[in-house]
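What follows is the content of entry.cif, which has mmCIF, C-alpha atoms:
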```
data_protein
#
loop_
_atom_site.label_atom_id
_atom_site.label_comp_id
_atom_site.auth_asym_id
_atom_site.auth_seq_id
_atom_site.Cartn_x
_atom_site.Cartn_y
_atom_site.Cartn_z
CA MET A 1 12.93 -15.93 -27.18
CA ILE A 2 14.02 -12.32 -26.69
CA ALA A 3 16.67 -11.72 -24.02
CA LEU A 4 16.38 -8.56 -21.95
CA SER A 5 19.14 -5.96 -21.74
CA ALA A 6 20.91 -5.29 -18.45
CA SER A 7 19.01 -2.02 -17.97
CA ALA A 8 15.69 -3.71 -18.68
CA VAL A 9 16.48 -6.47 -16.18
CA ALA A 10 17.29 -3.94 -13.46
CA SER A 11 14.00 -2.09 -14.01
CA GLU A 12 11.78 -5.16 -13.75
CA PRO A 13 9.70 -5.49 -10.55
CA GLY A 14 10.55 -8.30 -8.16
CA TRP A 15 7.44 -10.33 -8.99
CA VAL A 16 8.51 -10.53 -12.63
CA ARG A 17 12.08 -11.49 -11.78
CA ALA A 18 10.78 -14.30 -9.55
CA SER A 19 8.64 -15.73 -12.37
CA ILE A 20 9.89 -18.64 -14.43
CA GLN A 21 8.78 -20.97 -17.19
CA VAL A 22 8.67 -24.44 -15.69
CA ASP A 23 7.89 -27.75 -17.36
CA GLY A 24 5.73 -26.15 -20.07
CA CYS A 25 3.81 -24.14 -17.50
CA SER A 26 4.65 -21.22 -15.22
CA GLY A 27 5.87 -20.83 -11.66
CA THR A 28 7.13 -18.43 -9.01
CA VAL A 29 10.19 -18.75 -6.77
CA ILE A 30 9.25 -17.95 -3.15
CA THR A 31 12.42 -18.55 -1.08
CA ALA A 32 16.07 -17.58 -1.26
CA ASP A 33 17.11 -21.23 -1.62
CA GLY A 34 14.98 -21.86 -4.69
CA TYR A 35 11.64 -23.29 -3.57
CA GLY A 36 8.70 -22.26 -5.72
CA ILE A 37 4.99 -22.66 -6.43
CA GLY A 38 3.35 -24.03 -9.57
CA ALA A 39 0.09 -25.70 -10.63
CA GLY A 40 -0.62 -29.23 -9.47
CA HIS A 41 -1.83 -30.40 -12.89
CA CYS A 42 1.56 -29.44 -14.36
CA ALA A 43 3.57 -31.48 -11.87
CA LYS A 44 4.58 -34.99 -10.97
CA VAL A 45 6.41 -35.67 -7.70
CA LYS A 46 10.14 -36.33 -8.13
CA LYS A 47 10.00 -35.47 -11.82
CA LYS A 48 12.91 -33.31 -12.99
CA PHE A 49 12.47 -30.37 -15.35
CA ARG A 50 14.33 -27.49 -16.95
CA TRP A 51 13.28 -23.94 -16.27
CA ILE A 52 13.89 -20.57 -17.93
CA GLY A 53 14.17 -17.28 -16.04
CA PHE A 54 12.40 -14.03 -16.79
CA ASP A 55 15.38 -12.71 -18.78
CA ASN A 56 15.12 -15.67 -21.19
CA LYS A 57 18.80 -16.40 -20.58
CA THR A 58 19.04 -17.84 -17.08
CA THR A 59 18.18 -21.53 -17.02
CA GLY A 60 18.70 -24.61 -14.91
CA GLU A 61 17.20 -27.79 -13.51
CA GLY A 62 14.57 -28.36 -10.89
CA ARG A 63 12.38 -31.04 -9.37
CA TRP A 64 8.75 -31.29 -8.23
CA LEU A 65 8.56 -32.12 -4.53
CA HIS A 66 4.99 -31.93 -3.23
CA ILE A 67 1.52 -31.83 -4.83
CA ASP A 68 -1.96 -31.07 -3.51
CA LYS A 69 -4.41 -32.22 -6.18
CA ALA A 70 -7.47 -30.79 -4.44
CA ARG A 71 -5.96 -27.29 -4.36
CA ASP A 72 -4.18 -27.86 -7.69
CA LEU A 73 -0.92 -26.58 -6.22
CA ALA A 74 2.60 -27.97 -6.38
CA LEU A 75 5.95 -27.21 -4.79
CA PHE A 76 9.22 -27.34 -6.71
CA LYS A 77 12.86 -26.56 -6.04
CA ILE A 78 15.37 -25.23 -8.55
CA GLU A 79 19.08 -25.89 -8.20
CA LYS A 80 20.17 -22.36 -9.08
CA PRO A 81 18.40 -19.90 -6.74
CA ILE A 82 17.27 -16.62 -8.33
CA HIS A 83 15.28 -13.60 -7.20
CA TYR A 84 12.25 -14.57 -5.11
CA VAL A 85 9.09 -13.06 -3.63
CA PRO A 86 7.59 -14.41 -0.39
CA VAL A 87 4.10 -15.64 0.35
CA PRO A 88 2.82 -13.38 3.16
CA ARG A 89 0.91 -14.87 6.07
CA GLN A 90 -1.49 -11.91 5.99
CA LEU A 91 -3.11 -10.73 2.76
CA PRO A 92 -1.74 -7.29 1.75
CA VAL A 93 -3.69 -4.54 -0.01
CA GLY A 94 -2.92 -3.06 -3.40
CA PRO A 95 -3.17 -3.49 -7.19
CA ILE A 96 -3.29 -7.08 -8.44
CA SER A 97 -0.79 -8.32 -11.03
CA GLY A 98 -0.07 -11.64 -12.67
CA CYS A 99 2.84 -13.16 -14.57
CA GLY A 100 3.07 -16.25 -16.75
CA TRP A 101 4.32 -17.82 -19.98
CA PRO A 102 1.39 -18.21 -22.41
CA GLY A 103 2.37 -20.56 -25.22
CA GLY A 104 5.84 -20.83 -23.70
CA LYS A 105 6.57 -17.14 -24.35
CA GLY A 106 7.05 -14.57 -21.67
CA PRO A 107 7.16 -13.29 -19.12
CA GLU A 108 3.68 -11.95 -19.82
CA ARG A 109 2.57 -9.32 -17.32
CA LEU A 110 -1.13 -9.22 -16.46
CA GLN A 111 -3.24 -6.53 -14.87
CA LEU A 112 -6.01 -8.25 -12.94
CA ARG A 113 -9.13 -7.16 -11.11
CA TYR A 114 -10.97 -9.13 -8.46
CA SER A 115 -14.38 -10.37 -9.61
CA THR A 116 -17.44 -11.95 -7.98
CA LYS A 117 -18.13 -14.00 -11.12
CA ASP A 118 -19.08 -17.60 -10.32
CA SER A 119 -16.21 -20.05 -10.63
CA PHE A 120 -16.15 -23.21 -12.73
CA VAL A 121 -18.32 -25.90 -11.17
CA ASN A 122 -15.93 -28.70 -12.17
CA LEU A 123 -12.94 -27.34 -10.25
CA THR A 124 -11.93 -28.65 -6.85
CA GLY A 125 -10.92 -26.34 -4.04
CA ASP A 126 -11.96 -22.78 -3.27
CA ARG A 127 -10.83 -20.25 -5.87
CA TRP A 128 -10.74 -16.56 -6.56
CA VAL A 129 -11.84 -15.19 -9.91
CA PHE A 130 -9.99 -12.33 -11.64
CA GLY A 131 -10.88 -10.39 -14.75
CA VAL A 132 -8.04 -9.72 -17.19
CA SER A 133 -7.70 -5.95 -17.69
CA ALA A 134 -4.45 -6.14 -19.68
CA GLY A 135 -2.13 -8.89 -20.88
CA GLU A 136 -2.50 -12.32 -22.43
CA PHE A 137 -3.84 -15.33 -20.57
CA ARG A 138 -3.58 -18.63 -22.47
CA ASP A 139 -2.34 -22.22 -22.14
CA GLY A 140 1.04 -22.11 -20.41
CA ASN A 141 -0.02 -19.57 -17.80
CA SER A 142 -0.98 -22.35 -15.37
CA GLY A 143 1.11 -22.07 -12.23
CA GLY A 144 1.91 -18.43 -12.83
CA GLY A 145 1.79 -16.10 -9.87
CA ILE A 146 -0.85 -13.60 -8.82
CA PHE A 147 0.74 -10.78 -6.85
CA ILE A 148 0.02 -7.77 -4.70
CA GLY A 149 3.25 -5.79 -4.75
CA ASP A 150 6.21 -8.11 -4.34
CA HIS A 151 4.12 -10.75 -2.58
CA LEU A 152 2.70 -13.94 -4.08
CA VAL A 153 -0.94 -14.17 -2.95
CA SER A 154 -2.39 -16.75 -5.36
CA CYS A 155 -1.49 -19.12 -8.18
CA MET A 156 -3.19 -19.30 -11.59
CA THR A 157 -4.74 -22.68 -12.29
CA HIS A 158 -7.45 -22.28 -14.93
CA GLY A 159 -9.33 -19.62 -16.85
CA ILE A 160 -10.85 -18.39 -20.09
CA ASP A 161 -8.45 -17.00 -22.70
CA ASP A 162 -7.74 -13.31 -22.11
CA GLU A 163 -10.92 -12.87 -20.04
CA TRP A 164 -10.92 -14.70 -16.71
CA VAL A 165 -8.25 -16.14 -14.44
CA TYR A 166 -8.95 -18.62 -11.65
CA GLY A 167 -6.53 -18.91 -8.75
CA CYS A 168 -6.47 -20.39 -5.26
CA ARG A 169 -7.45 -18.19 -2.37
CA HIS A 170 -4.60 -16.80 -0.32
CA ALA A 171 -5.65 -18.84 2.72
CA GLU A 172 -5.50 -22.00 0.62
CA LEU A 173 -2.01 -21.11 -0.58
CA VAL A 174 -0.79 -20.60 2.99
CA ALA A 175 -2.43 -23.87 4.08
CA PHE A 176 -0.73 -25.70 1.23
CA LEU A 177 2.67 -24.34 2.24
CA LEU A 178 2.14 -25.24 5.89
CA GLY A 179 1.41 -28.80 4.80
CA ALA A 180 4.43 -28.82 2.50
CA GLU A 181 6.66 -27.59 5.34
CA LYS A 182 5.72 -30.66 7.36
CA ALA A 183 6.03 -33.02 4.39
CA ILE A 184 9.54 -31.99 3.36
CA GLU A 185 10.70 -30.59 6.71
CA THR A 186 11.75 -27.13 5.62
CA VAL A 187 10.63 -23.50 6.08
CA LEU A 188 8.64 -21.93 3.23
CA LEU A 189 6.71 -19.11 4.91
CA PRO A 190 8.14 -16.01 6.58
CA PRO A 191 8.02 -16.07 10.39
CA SER A 192 4.94 -14.80 12.16
CA LYS A 193 5.35 -11.25 13.40
CA VAL A 194 5.32 -12.03 17.13
CA ALA A 195 7.34 -9.69 19.29
CA LYS A 196 9.78 -11.46 21.57
CA PRO A 197 10.38 -10.26 25.16
CA LEU A 198 13.49 -8.15 25.29
CA ALA A 199 14.93 -10.39 27.96
CA LEU A 200 14.94 -13.29 25.51
CA VAL A 201 17.04 -11.48 22.93
CA THR A 202 20.61 -12.77 22.76
CA GLY A 203 23.22 -10.68 24.52
CA TRP A 204 21.19 -9.83 27.60
CA GLY A 205 22.74 -10.46 30.96
CA ASP A 206 21.43 -11.13 34.47
CA VAL A 207 21.08 -7.44 35.38
CA ASP A 208 19.13 -6.66 32.21
CA ARG A 209 16.86 -9.64 32.78
CA THR A 210 16.12 -8.59 36.36
CA ARG A 211 15.35 -5.02 35.28
CA GLU A 212 13.00 -6.31 32.59
CA ILE A 213 11.13 -8.49 35.07
CA LYS A 214 10.64 -5.56 37.48
CA ASP A 215 9.42 -3.30 34.69
CA LEU A 216 6.97 -5.95 33.59
CA GLN A 217 5.70 -6.42 37.13
CA LYS A 218 4.98 -2.69 37.48
CA ARG A 219 3.28 -2.59 34.11
CA LEU A 220 1.22 -5.65 34.97
CA GLU A 221 0.06 -4.21 38.29
CA SER A 222 -0.92 -0.91 36.66
CA LEU A 223 -2.96 -2.53 33.92
CA GLU A 224 -4.67 -4.96 36.30
CA GLU A 225 -5.84 -2.01 38.41
CA MET A 226 -7.38 -0.47 35.30
CA VAL A 227 -9.04 -3.78 34.42
CA ALA A 228 -10.59 -3.93 37.91
CA LYS A 229 -12.00 -0.40 37.54
CA LEU A 230 -13.32 -1.12 34.07
CA SER A 231 -15.05 -4.33 35.16
CA LYS A 232 -17.13 -2.35 37.72
CA GLN A 233 -18.70 -0.16 35.03
CA SER A 234 -22.18 -1.09 33.80
CA PRO A 235 -22.29 -2.37 30.22
CA VAL A 236 -24.24 -0.31 27.67
CA PRO A 237 -25.98 -1.42 24.46
CA GLY A 238 -23.89 -1.38 21.29
CA PRO A 239 -24.88 0.44 18.08
CA PRO A 240 -28.10 -0.55 16.21
CA GLY A 241 -27.82 -3.56 13.87
CA PRO A 242 -28.48 -3.36 10.11
CA ARG A 243 -32.25 -3.88 10.59
CA GLY A 244 -32.58 -1.56 13.59
CA GLU A 245 -32.18 -4.12 16.36
CA PRO A 246 -29.95 -3.23 19.32
CA GLY A 247 -26.39 -4.34 18.79
CA PRO A 248 -24.50 -6.67 21.12
CA VAL A 249 -23.98 -5.49 24.68
CA GLY A 250 -20.50 -4.15 25.20
CA LEU A 251 -18.37 -1.88 27.33
CA PRO A 252 -18.09 1.86 26.70
CA ASP A 253 -15.35 2.82 24.28
CA THR A 254 -12.99 4.55 26.67
CA GLY A 255 -9.78 3.47 24.94
CA LEU A 256 -9.20 0.81 27.56
CA GLN A 257 -10.20 -2.01 25.25
CA GLU A 258 -6.86 -1.65 23.52
CA ARG A 259 -5.17 -1.58 26.91
CA LEU A 260 -6.81 -4.91 27.72
CA ILE A 261 -5.26 -6.41 24.61
CA SER A 262 -1.96 -4.86 25.62
CA LEU A 263 -2.33 -6.46 29.04
CA GLU A 264 -2.65 -9.93 27.59
CA LYS A 265 0.42 -9.41 25.39
CA TRP A 266 2.47 -8.17 28.33
CA ARG A 267 1.22 -11.03 30.50
CA GLU A 268 2.50 -13.57 27.97
CA ASN A 269 5.80 -11.73 27.72
CA PHE A 270 6.10 -11.71 31.47
CA LYS A 271 5.44 -15.42 31.70
CA ALA A 272 8.06 -16.02 29.04
CA VAL A 273 10.58 -13.90 30.88
CA ILE A 274 10.19 -15.51 34.29
CA ARG A 275 10.59 -18.94 32.72
CA VAL A 276 14.18 -18.07 31.87
CA THR A 277 16.47 -19.72 34.41
CA LEU A 278 20.06 -18.89 35.02
CA ALA A 279 22.66 -21.61 34.93
CA PRO A 280 24.79 -21.63 38.12
CA LYS A 281 28.36 -20.52 37.68
CA GLU A 282 30.98 -23.02 38.58
#
```
Any chance you could put this one into structure tokens?
Amino acid sequence: MIALSASAVASEPGWVRASIQVDGCSGTVITADGYGIGAGHCAKVKKKFRWIGFDNKTTGEGRWLHIDKARDLALFKIEKPIHYVPVPRQLPVGPISGCGWPGGKGPERLQLRYSTKDSFVNLTGDRWVFGVSAGEFRDGNSGGGIFIGDHLVSCMTHGIDDEWVYGCRHAELVAFLLGAEKAIETVLLPPSKVAKPLALVTGWGDVDRTREIKDLQKRLESLEEMVAKLSKQSPVPGPPGPRGEPGPVGLPDTGLQERLISLEKWRENFKAVIRVTLAPKE
């Protein structure tokens, strides 16, 4: 193995630094406390293993914790946390990369392109297919990550040497992690981006909470008036369909559709705020 210099280590992207050789296969660390994703056919629950980091110097022990044979995915945890990349709840957009350890040597960086090529008929689960534009894909890459930026979006499971890579769909990866969270009672995915009402943020007092409620009431009344006006307008046909038929009947695009969505969000916030009760002072 060739160890990287300090300058080379610093210049590596996050998705490479989060990639490890694990149990003869590949894997990716996805949390700050050392949880990671690998291929199910490489794993056995409770089995311990040794892993090697991307710099070919950092090493340690780990253990397989959870396996989904249908999706061919497995969860592990290493005892010495290293750099990690998260699994996003929403699929990002950008160039697709991969990283693995073909033949136990790596990290091997792959440039991938999404393909509509038919997948293997003997594989379980729903998989994406990627063409290999650059890099080496061989035995040992199984479990390696497929990335968009510094986000893990899929996991390599099978393929054809240096030509095609098969990996789980992003939705399947998220579903696997949700199941693993319940199985081992820990958090593996980043929190959903749901805005909290300001009145529920720590540090707010009674006066701030009252002001927030009044502001929400005014906002609610204003938007409900607009909803009432909008509901009185006559619907008009939508745009023609792909074969020339009239599209679905809808409301004119006056910009108020977005306001309706905003109304629902504010309504939920308002309900959350008024549920807050103040403890009596003794």
- request: Rank nothing, just name the residue among A:Leu65, A:Ala180, A:Val187, A:Ile30 nearest to A:Leu152, using all atoms listed in the file.
  value: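 For A:Leu152, the nearest of the given residues is A:Ile30.
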task: Identify all residues satisfying the PyMOL selection byres ((chain A and resi 132) around 12) in the given file; provide them as an MDAnalysis selection string.
output: chainID A and resid 96:99 109:115 129:131 133:138 146 159:166
Coordinates-based distance that separates atom CA of A:Asp23 from atom CA of A:Trp51 (Å, one decimal):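 Computed distance, atom CA of A:Trp51 to atom CA of A:Asp23, equals 6.7 Å.
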Given the file shown, enumerate the residues that the PyMOL selection byres ((chain A and resi 82) around 8) captures and present them as a compact mmCIF listing (two decimals) with C-alpha atoms, in the frame of the given file.
```txt
# COMPACT_ATOMS: atom_id res chain seq x y z
CA ALA A 18 10.78 -14.30 -9.55
CA VAL A 29 10.19 -18.75 -6.77
CA ALA A 32 16.07 -17.58 -1.26
CA GLY A 34 14.98 -21.86 -4.69
CA LYS A 80 20.17 -22.36 -9.08
CA PRO A 81 18.40 -19.90 -6.74
CA HIS A 83 15.28 -13.60 -7.20
CA TYR A 84 12.25 -14.57 -5.11
```
Test item: the PyMOL selection byres ((chain A and resi 70) around 12) resolved as an mmCIF file with C-alpha atoms, in the frame of the given file:
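Contents of out20.cif, as written:
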```
data_model
loop_
_atom_site.group_PDB
_atom_site.id
_atom_site.type_symbol
_atom_site.label_atom_id
_atom_site.label_comp_id
_atom_site.auth_asym_id
_atom_site.auth_seq_id
_atom_site.Cartn_x
_atom_site.Cartn_y
_atom_site.Cartn_z
ATOM 1 C CA ALA A 39 0.090 -25.700 -10.630
ATOM 2 C CA GLY A 40 -0.620 -29.230 -9.470
ATOM 3 C CA HIS A 41 -1.830 -30.400 -12.890
ATOM 4 C CA ILE A 67 1.520 -31.830 -4.830
ATOM 5 C CA ASP A 68 -1.960 -31.070 -3.510
ATOM 6 C CA LYS A 69 -4.410 -32.220 -6.180
ATOM 7 C CA ARG A 71 -5.960 -27.290 -4.360
ATOM 8 C CA ASP A 72 -4.180 -27.860 -7.690
ATOM 9 C CA LEU A 73 -0.920 -26.580 -6.220
ATOM 10 C CA ALA A 74 2.600 -27.970 -6.380
ATOM 11 C CA ASN A 122 -15.930 -28.700 -12.170
ATOM 12 C CA LEU A 123 -12.940 -27.340 -10.250
ATOM 13 C CA THR A 124 -11.930 -28.650 -6.850
ATOM 14 C CA GLY A 125 -10.920 -26.340 -4.040
ATOM 15 C CA ASP A 126 -11.960 -22.780 -3.270
ATOM 16 C CA ARG A 127 -10.830 -20.250 -5.870
ATOM 17 C CA THR A 157 -4.740 -22.680 -12.290
ATOM 18 C CA CYS A 168 -6.470 -20.390 -5.260
ATOM 19 C CA GLU A 172 -5.500 -22.000 0.620
ATOM 20 C CA LEU A 173 -2.010 -21.110 -0.580
ATOM 21 C CA PHE A 176 -0.730 -25.700 1.230
#
```
field: Pairwise distance for atom CA of A:Val85 and atom CA of A:Gly27, rounded to one decimal in Å
entry: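 Taking atom CA of A:Val85 and atom CA of A:Gly27, their separation equals 11.6 Å.
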query: What is the atom CA of A:Arg89-atom CA of A:Gly149 distance in Å, reported with one decimal?
result: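 Distance between the two atoms: 14.3 Å.
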query: Which is closest to A:Gly14 among A:Thr28, A:Gln90, A:Thr186, A:Thr59, if we use all atoms listed in the file?
result: A:Thr28
- prompt: Of the candidates A:Leu223, A:Cys25, A:Ala183, A:Ile37, which one gets nearest to A:Gly103 if we count all atoms listed in the file?
  reply: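 Among the listed residues, A:Cys25 lies closest to A:Gly103.
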field: Surrounding residues of A:Phe54 excluding itself and chain neighbours under 5 positions, 8 Å, all atoms listed in the file, as a PyMOL selection string
entry: chain A and resi 16-21+106-107
